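Scroll down for the structure; my scribbles are underneath it.
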Amino acid sequence: MKKSRPSSPSAETIAYNHDLLTQILIRIPPKHLLKLKLISKQWRSLISSLQFSHSHSLHHQNRGFLTPSALFLGIGNYYRPPFELPALPLTPDTRLPVLDFIVDPHFKILQSCNGLLLGHFYYNINERLRYFICNPTTRKFKMISLPVSQLGSLRAVNLAFDPMKSPHYNIICVRKLPSPNKRFGLYIYSSKSDEWDSSWISFRANEYIRFDHGVFCNGVFHWNSNGRKSLRFDLENKVLKKMPMLAPMFQAPQGSEDEDSRYFGESRGHLHLGVTYMPLCFKFNIFEMAADYSHWFLKYCLNLDDTMKAFPDLRLPVVDIYYGFHVLSVIRSEGEESKVVILVDYKAICYELKDGVLLNVYELKQCPETLNRCPLNYIGIQVYQYFETLSCV
């Protein structure tokens with residue numbers, strides 16, 4: 001019988017030194033750490049802890065921010081991958097996440113925020129929505145009960161999470177109050193206490209503010225709007241403030257007749273609006289919000305007409321008001337590698353933002369299920385950034 005090799009004194013020192021073991025393990029990427037949890041109960045307990053996940057995020061941050069490694073592509077009223085590829089990789093070594101651990105297929109992703117996803121289940125009109133938080137990396141999942149209130153109708157549920165500041169997250173619930181003067185109620189949940197605040201905030205707002213389309217950036221939650229003004233919410237100070245939006249056709253390219261679509265998102269602490277125009281062309285603007293929230297300024301103006309000549313067989317479907325050109329995501333970096341991802345004719349095309357240089361092209365095939373329901377140009381594509389993290393839910 002072969003005898004097992006005795007462990008070395010140095011290995012035993014590491015194994016029983018909690019601080020030293022932590023300093024070693026936080027340097028390992030999440031996908032490998034998940035396998036290391038199987039080594040022992042001690043390692044599993046350490047890697048699964050709230051403090052370790054926070055330390056791990058801090059170690060892997062890049063100048064205060066995490067970097068997305070993929071984009072989830074969603075569709076319609078509940079989550080259905082519109083393409084055979086469930087997510088779009090942004091780095092060559094990305095292990096694409098799969099949401100098959102959410103056993104009920106009738107769900108919709110509402111928002112992505114620094115590694116966590118907010119979503120809800122939906123069965124039929126007679127049943128209430130049930131909300132959940134999940135981490136696609138760790139495949140952990142938690143149901144969230146909304147605050148008990150008989151006032152008004154539910155307008156939106158939002159997620160706010162910054163793993164650089166805290167391992168805990170907040171959920172914001174907005175309800176339209178039964179009042180003739182456009183009043184709303186705002187409720188806040190904290191994962192730290194696992195409770196909703198006993199007090200809530202009453203405020204006035206116009207109906208054109210998209211409370212269901214929000215972005216968390218620099219500790220502030222921002223809501224998109226179909227009008228010229230919107231709102232932002234300072235979560236720490238619990239203060240609502242006004243925020244300007246772009247007027248239609250602001251600084252539009254010459255020859256444009258109208259706007260086609262708008263992208264609203266954030267990257268590395270920068271709030272963005274991406275605007276495409278009609279008639280259909282590969283010219284679009286990306287605006288950035290000023291640090292003092294006084295105005296939007298033009299950050300990038302891209303004309304990809306010449307670049308798109310590399311695809312002579314590209315089809316540009318136009319049916320009524322539906323166009324086949326979508327800005328999926330704007331992804332900033334500290335260097336000159338900031339990029340934009342657009343979708344056109346079943347191709348996801350990634351460009352370097354400064355000069356419009358082509359970086360990657362991904363051929364996408366539409367799933368038979370969605371293809372039978374409606375062609376791609378009728379589909380509203382929702383995009384959710386994916387971050388590899390160990391953040392707890």
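Chain labels run A, B, ... following the order of the structure tokens; each chain numbers its residues from 1, and ligands are numbered from 1 in the order shown.
The list of residues with at least one atom within 10 Å of Tyr131 in chain A, based on only C-alpha atoms and without residues fewer than 4 positions apart in the same chain, reads A:Phe107, A:Lys108, A:Ile109, A:Leu110, A:Leu118, A:Gly119, A:His120, A:Phe121, A:Tyr122, A:Lys142, A:Met143, A:Ile144, A:Ser145, A:Leu146, A:Val157.
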So that I have them on file, write out the residues from the current selection with N, CA and C atoms, as a PDB file, in the first residue's frame.
```pdb
ATOM      1  N   PHE A 107     -38.936  33.947 -16.243  1.00  0.00           N
ATOM      2  CA  PHE A 107     -38.378  35.051 -15.485  1.00  0.00           C
ATOM      3  C   PHE A 107     -37.819  36.096 -16.430  1.00  0.00           C
ATOM      4  N   LYS A 108     -37.637  37.279 -15.903  1.00  0.00           N
ATOM      5  CA  LYS A 108     -37.096  38.384 -16.678  1.00  0.00           C
ATOM      6  C   LYS A 108     -35.981  39.057 -15.881  1.00  0.00           C
ATOM      7  N   ILE A 109     -34.871  39.326 -16.527  1.00  0.00           N
ATOM      8  CA  ILE A 109     -33.815  40.114 -15.899  1.00  0.00           C
ATOM      9  C   ILE A 109     -34.207  41.579 -16.015  1.00  0.00           C
ATOM     10  N   LEU A 110     -34.137  42.289 -14.917  1.00  0.00           N
ATOM     11  CA  LEU A 110     -34.480  43.702 -14.902  1.00  0.00           C
ATOM     12  C   LEU A 110     -33.257  44.594 -14.927  1.00  0.00           C
ATOM     13  N   LEU A 118     -30.812  41.501 -10.894  1.00  0.00           N
ATOM     14  CA  LEU A 118     -32.150  41.638 -10.324  1.00  0.00           C
ATOM     15  C   LEU A 118     -33.147  41.157 -11.369  1.00  0.00           C
ATOM     16  N   GLY A 119     -34.098  40.333 -10.943  1.00  0.00           N
ATOM     17  CA  GLY A 119     -35.103  39.851 -11.879  1.00  0.00           C
ATOM     18  C   GLY A 119     -36.396  39.510 -11.173  1.00  0.00           C
ATOM     19  N   HIS A 120     -37.385  39.091 -11.954  1.00  0.00           N
ATOM     20  CA  HIS A 120     -38.636  38.631 -11.353  1.00  0.00           C
ATOM     21  C   HIS A 120     -39.222  37.481 -12.148  1.00  0.00           C
ATOM     22  N   PHE A 121     -40.027  36.684 -11.455  1.00  0.00           N
ATOM     23  CA  PHE A 121     -40.796  35.612 -12.090  1.00  0.00           C
ATOM     24  C   PHE A 121     -42.154  36.155 -12.476  1.00  0.00           C
ATOM     25  N   TYR A 122     -42.719  35.561 -13.510  1.00  0.00           N
ATOM     26  CA  TYR A 122     -44.041  35.995 -13.960  1.00  0.00           C
ATOM     27  C   TYR A 122     -44.809  34.791 -14.500  1.00  0.00           C
ATOM     28  N   LYS A 142     -31.486  34.440  -4.322  1.00  0.00           N
ATOM     29  CA  LYS A 142     -32.262  34.819  -3.143  1.00  0.00           C
ATOM     30  C   LYS A 142     -33.547  35.508  -3.562  1.00  0.00           C
ATOM     31  N   MET A 143     -34.670  35.083  -2.983  1.00  0.00           N
ATOM     32  CA  MET A 143     -35.948  35.731  -3.227  1.00  0.00           C
ATOM     33  C   MET A 143     -36.050  36.999  -2.378  1.00  0.00           C
ATOM     34  N   ILE A 144     -36.687  38.034  -2.923  1.00  0.00           N
ATOM     35  CA  ILE A 144     -36.865  39.311  -2.236  1.00  0.00           C
ATOM     36  C   ILE A 144     -38.352  39.614  -2.133  1.00  0.00           C
ATOM     37  N   SER A 145     -38.815  39.847  -0.904  1.00  0.00           N
ATOM     38  CA  SER A 145     -40.212  40.251  -0.706  1.00  0.00           C
ATOM     39  C   SER A 145     -40.303  41.768  -0.738  1.00  0.00           C
ATOM     40  N   LEU A 146     -41.245  42.297  -1.483  1.00  0.00           N
ATOM     41  CA  LEU A 146     -41.422  43.740  -1.568  1.00  0.00           C
ATOM     42  C   LEU A 146     -42.122  44.263  -0.319  1.00  0.00           C
ATOM     43  N   VAL A 157     -38.674  48.326  -9.636  1.00  0.00           N
ATOM     44  CA  VAL A 157     -37.778  47.824  -8.605  1.00  0.00           C
ATOM     45  C   VAL A 157     -36.366  47.922  -9.163  1.00  0.00           C
TER      46      VAL A 157
END
```
Task: One-decimal distance in Å that lies between CA of Gly265 in chain A and CA of Trp223 in chain A - done: 10.0 Å
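Closest approach to Thr389 in chain A from the set A:Asp100, A:Asp162, A:Glu236, A:Asp19 is made by A:Asp162, with distances taken over only C-alpha atoms.
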Task: Distance query His168 in chain A at most 10 Å, only C-alpha atoms, self and fewer than 3 positions along chain excluded, as a list in words - done: Leu50, His54, Ala160, Phe161, Asp162, Pro163, Lys165, Ser190, Ser191, Lys192, Ser193, Asp194, Ser391, Cys392 and Val393 of chain A
- [ ] Could you give me, as a count of residues only, the residues within 9 Å of His60 in chain A, counting only C-alpha atoms and dropping anything in the same chain fewer than 6 positions from it?
- [x] 4
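Of the residues listed (A:Pro253, A:Leu328, A:Phe132, A:Ser261), A:Pro253 shows the shortest atom-to-atom separation from Leu298 in chain A; distances use only C-alpha atoms.
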Task: Which of A:Ile28, A:Val357, A:Met278, A:Met249 sits closest to Leu302 in chain A [using only C-alpha atoms] - done: A:Val357
Open item on the list: When you look at Phe233 in chain A with a cut-off of 9 Å (counting only C-alpha atoms), what residues show up, excluding the ones that are within fewer than 4 positions of it in the same chain? I need them as a PyMOL selection string.
Closed with: chain A and resi 219-223+237-242
I need the residues from that last selection saved to file as a PDB file, in the first residue's frame (with N, CA, C and O atoms), if you can.
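As written to disk, again33.pdb reads:
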```pdb
ATOM      1  N   GLY A 219     -22.598  55.884  -6.495  1.00  0.00           N
ATOM      2  CA  GLY A 219     -23.429  55.999  -5.310  1.00  0.00           C
ATOM      3  C   GLY A 219     -24.775  56.648  -5.542  1.00  0.00           C
ATOM      4  O   GLY A 219     -25.520  56.894  -4.589  1.00  0.00           O
ATOM      5  N   VAL A 220     -25.097  56.925  -6.805  1.00  0.00           N
ATOM      6  CA  VAL A 220     -26.346  57.613  -7.151  1.00  0.00           C
ATOM      7  C   VAL A 220     -27.117  56.765  -8.156  1.00  0.00           C
ATOM      8  O   VAL A 220     -26.532  56.238  -9.110  1.00  0.00           O
ATOM      9  N   PHE A 221     -28.436  56.650  -7.939  1.00  0.00           N
ATOM     10  CA  PHE A 221     -29.261  55.940  -8.909  1.00  0.00           C
ATOM     11  C   PHE A 221     -29.889  56.953  -9.861  1.00  0.00           C
ATOM     12  O   PHE A 221     -30.501  57.940  -9.430  1.00  0.00           O
ATOM     13  N   HIS A 222     -29.730  56.699 -11.167  1.00  0.00           N
ATOM     14  CA  HIS A 222     -30.215  57.612 -12.202  1.00  0.00           C
ATOM     15  C   HIS A 222     -31.308  56.925 -13.008  1.00  0.00           C
ATOM     16  O   HIS A 222     -31.173  55.759 -13.380  1.00  0.00           O
ATOM     17  N   TRP A 223     -32.377  57.672 -13.304  1.00  0.00           N
ATOM     18  CA  TRP A 223     -33.453  57.120 -14.120  1.00  0.00           C
ATOM     19  C   TRP A 223     -33.483  57.782 -15.490  1.00  0.00           C
ATOM     20  O   TRP A 223     -33.343  59.005 -15.619  1.00  0.00           O
ATOM     21  N   ASN A 237     -27.292  59.692   1.194  1.00  0.00           N
ATOM     22  CA  ASN A 237     -27.944  60.823   1.857  1.00  0.00           C
ATOM     23  C   ASN A 237     -29.463  60.808   1.722  1.00  0.00           C
ATOM     24  O   ASN A 237     -30.142  61.666   2.296  1.00  0.00           O
ATOM     25  N   LYS A 238     -29.972  59.874   0.921  1.00  0.00           N
ATOM     26  CA  LYS A 238     -31.418  59.718   0.701  1.00  0.00           C
ATOM     27  C   LYS A 238     -32.050  61.026   0.231  1.00  0.00           C
ATOM     28  O   LYS A 238     -33.040  61.516   0.782  1.00  0.00           O
ATOM     29  N   VAL A 239     -31.438  61.558  -0.842  1.00  0.00           N
ATOM     30  CA  VAL A 239     -31.886  62.831  -1.405  1.00  0.00           C
ATOM     31  C   VAL A 239     -32.165  62.659  -2.892  1.00  0.00           C
ATOM     32  O   VAL A 239     -31.349  62.108  -3.636  1.00  0.00           O
ATOM     33  N   LEU A 240     -33.327  63.135  -3.337  1.00  0.00           N
ATOM     34  CA  LEU A 240     -33.679  63.149  -4.757  1.00  0.00           C
ATOM     35  C   LEU A 240     -33.329  64.507  -5.363  1.00  0.00           C
ATOM     36  O   LEU A 240     -33.599  65.546  -4.752  1.00  0.00           O
ATOM     37  N   LYS A 241     -32.728  64.495  -6.559  1.00  0.00           N
ATOM     38  CA  LYS A 241     -32.382  65.732  -7.246  1.00  0.00           C
ATOM     39  C   LYS A 241     -32.734  65.613  -8.722  1.00  0.00           C
ATOM     40  O   LYS A 241     -32.828  64.516  -9.262  1.00  0.00           O
ATOM     41  N   LYS A 242     -32.913  66.754  -9.368  1.00  0.00           N
ATOM     42  CA  LYS A 242     -33.241  66.765 -10.789  1.00  0.00           C
ATOM     43  C   LYS A 242     -31.987  66.493 -11.625  1.00  0.00           C
ATOM     44  O   LYS A 242     -30.866  66.736 -11.191  1.00  0.00           O
TER      45      LYS A 242
END
```
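Near Lys31 in chain A, within a cut-off of 10 Å and counting only C-alpha atoms, sit the residues Ile28, Leu34, Lys35, Leu36, Thr94, Arg95, Thr137, Thr138, Glu388, Thr389 and Leu390 of chain A, with same-chain residues fewer than 3 positions away left out.
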Selection file, N, CA, C and O atoms, as a PDB file, in the first residue's frame:
```pdb
ATOM      1  N   ILE A  28      -6.697  34.737  -6.677  1.00  0.00           N
ATOM      2  CA  ILE A  28      -7.147  33.730  -7.641  1.00  0.00           C
ATOM      3  C   ILE A  28      -8.479  34.160  -8.255  1.00  0.00           C
ATOM      4  O   ILE A  28      -9.371  34.622  -7.544  1.00  0.00           O
ATOM      5  N   LEU A  34     -14.050  28.761  -7.095  1.00  0.00           N
ATOM      6  CA  LEU A  34     -15.234  27.935  -6.891  1.00  0.00           C
ATOM      7  C   LEU A  34     -14.865  26.458  -6.829  1.00  0.00           C
ATOM      8  O   LEU A  34     -15.504  25.674  -6.122  1.00  0.00           O
ATOM      9  N   LYS A  35     -13.822  26.060  -7.554  1.00  0.00           N
ATOM     10  CA  LYS A  35     -13.346  24.672  -7.485  1.00  0.00           C
ATOM     11  C   LYS A  35     -12.559  24.419  -6.206  1.00  0.00           C
ATOM     12  O   LYS A  35     -12.633  23.334  -5.625  1.00  0.00           O
ATOM     13  N   LEU A  36     -11.820  25.441  -5.758  1.00  0.00           N
ATOM     14  CA  LEU A  36     -11.016  25.283  -4.545  1.00  0.00           C
ATOM     15  C   LEU A  36     -11.884  25.156  -3.296  1.00  0.00           C
ATOM     16  O   LEU A  36     -11.409  24.684  -2.260  1.00  0.00           O
ATOM     17  N   THR A  94     -13.049  34.515 -21.312  1.00  0.00           N
ATOM     18  CA  THR A  94     -14.290  34.537 -20.539  1.00  0.00           C
ATOM     19  C   THR A  94     -15.017  33.197 -20.604  1.00  0.00           C
ATOM     20  O   THR A  94     -15.221  32.645 -21.684  1.00  0.00           O
ATOM     21  N   ARG A  95     -15.395  32.682 -19.437  1.00  0.00           N
ATOM     22  CA  ARG A  95     -16.267  31.515 -19.389  1.00  0.00           C
ATOM     23  C   ARG A  95     -17.697  32.036 -19.357  1.00  0.00           C
ATOM     24  O   ARG A  95     -18.131  32.653 -18.384  1.00  0.00           O
ATOM     25  N   THR A 137     -22.036  34.028 -11.300  1.00  0.00           N
ATOM     26  CA  THR A 137     -20.732  33.393 -11.110  1.00  0.00           C
ATOM     27  C   THR A 137     -20.810  32.291 -10.066  1.00  0.00           C
ATOM     28  O   THR A 137     -20.390  31.155 -10.294  1.00  0.00           O
ATOM     29  N   THR A 138     -21.362  32.618  -8.899  1.00  0.00           N
ATOM     30  CA  THR A 138     -21.468  31.634  -7.821  1.00  0.00           C
ATOM     31  C   THR A 138     -22.722  30.779  -7.928  1.00  0.00           C
ATOM     32  O   THR A 138     -22.860  29.790  -7.226  1.00  0.00           O
ATOM     33  N   GLU A 388     -17.501  38.903 -13.290  1.00  0.00           N
ATOM     34  CA  GLU A 388     -17.156  37.732 -12.496  1.00  0.00           C
ATOM     35  C   GLU A 388     -16.806  38.170 -11.084  1.00  0.00           C
ATOM     36  O   GLU A 388     -15.750  38.777 -10.871  1.00  0.00           O
ATOM     37  N   THR A 389     -17.652  37.882 -10.128  1.00  0.00           N
ATOM     38  CA  THR A 389     -17.401  38.249  -8.736  1.00  0.00           C
ATOM     39  C   THR A 389     -17.903  37.134  -7.816  1.00  0.00           C
ATOM     40  O   THR A 389     -18.697  36.280  -8.230  1.00  0.00           O
ATOM     41  N   LEU A 390     -17.457  37.192  -6.569  1.00  0.00           N
ATOM     42  CA  LEU A 390     -17.921  36.264  -5.550  1.00  0.00           C
ATOM     43  C   LEU A 390     -18.962  36.908  -4.640  1.00  0.00           C
ATOM     44  O   LEU A 390     -19.287  36.357  -3.586  1.00  0.00           O
TER      45      LEU A 390
END
```
Open item on the list: List the spatial neighbours of Asn360 in chain A as a PyMOL selection string - criterion: any atom at most 8 Å away, only C-alpha atoms, same-chain residues fewer than 5 positions off excluded.
Closed with: chain A and resi 349-351
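For the choices A:Ala156, A:Pro89, A:Val174, A:Gly115, the atom-to-atom distance to Leu129 in chain A is smallest for A:Ala156 when using only C-alpha atoms.
One finds CA of Ala252 in chain A at 29.6 Å from CA of Ser112 in chain A.
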Open item on the list: Which of range 147-388 of chain A end up as strand (DSSP E) when DSSP is run on this backbone - answer as a PyMOL selection string?
Closed with: chain A and resi 153-161+169-176+183-190+195-196+201-204+209-217+220-225+229-234+239-244+258-267+270-278+283-289+296-303+318-319+322-323+325-331+339-344+347-352+357-363+381-386
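Distance check against His295 in chain A using only C-alpha atoms: of A:Ser45, A:Ser153, A:Ser53, A:Ala247, the minimum falls on A:Ala247.
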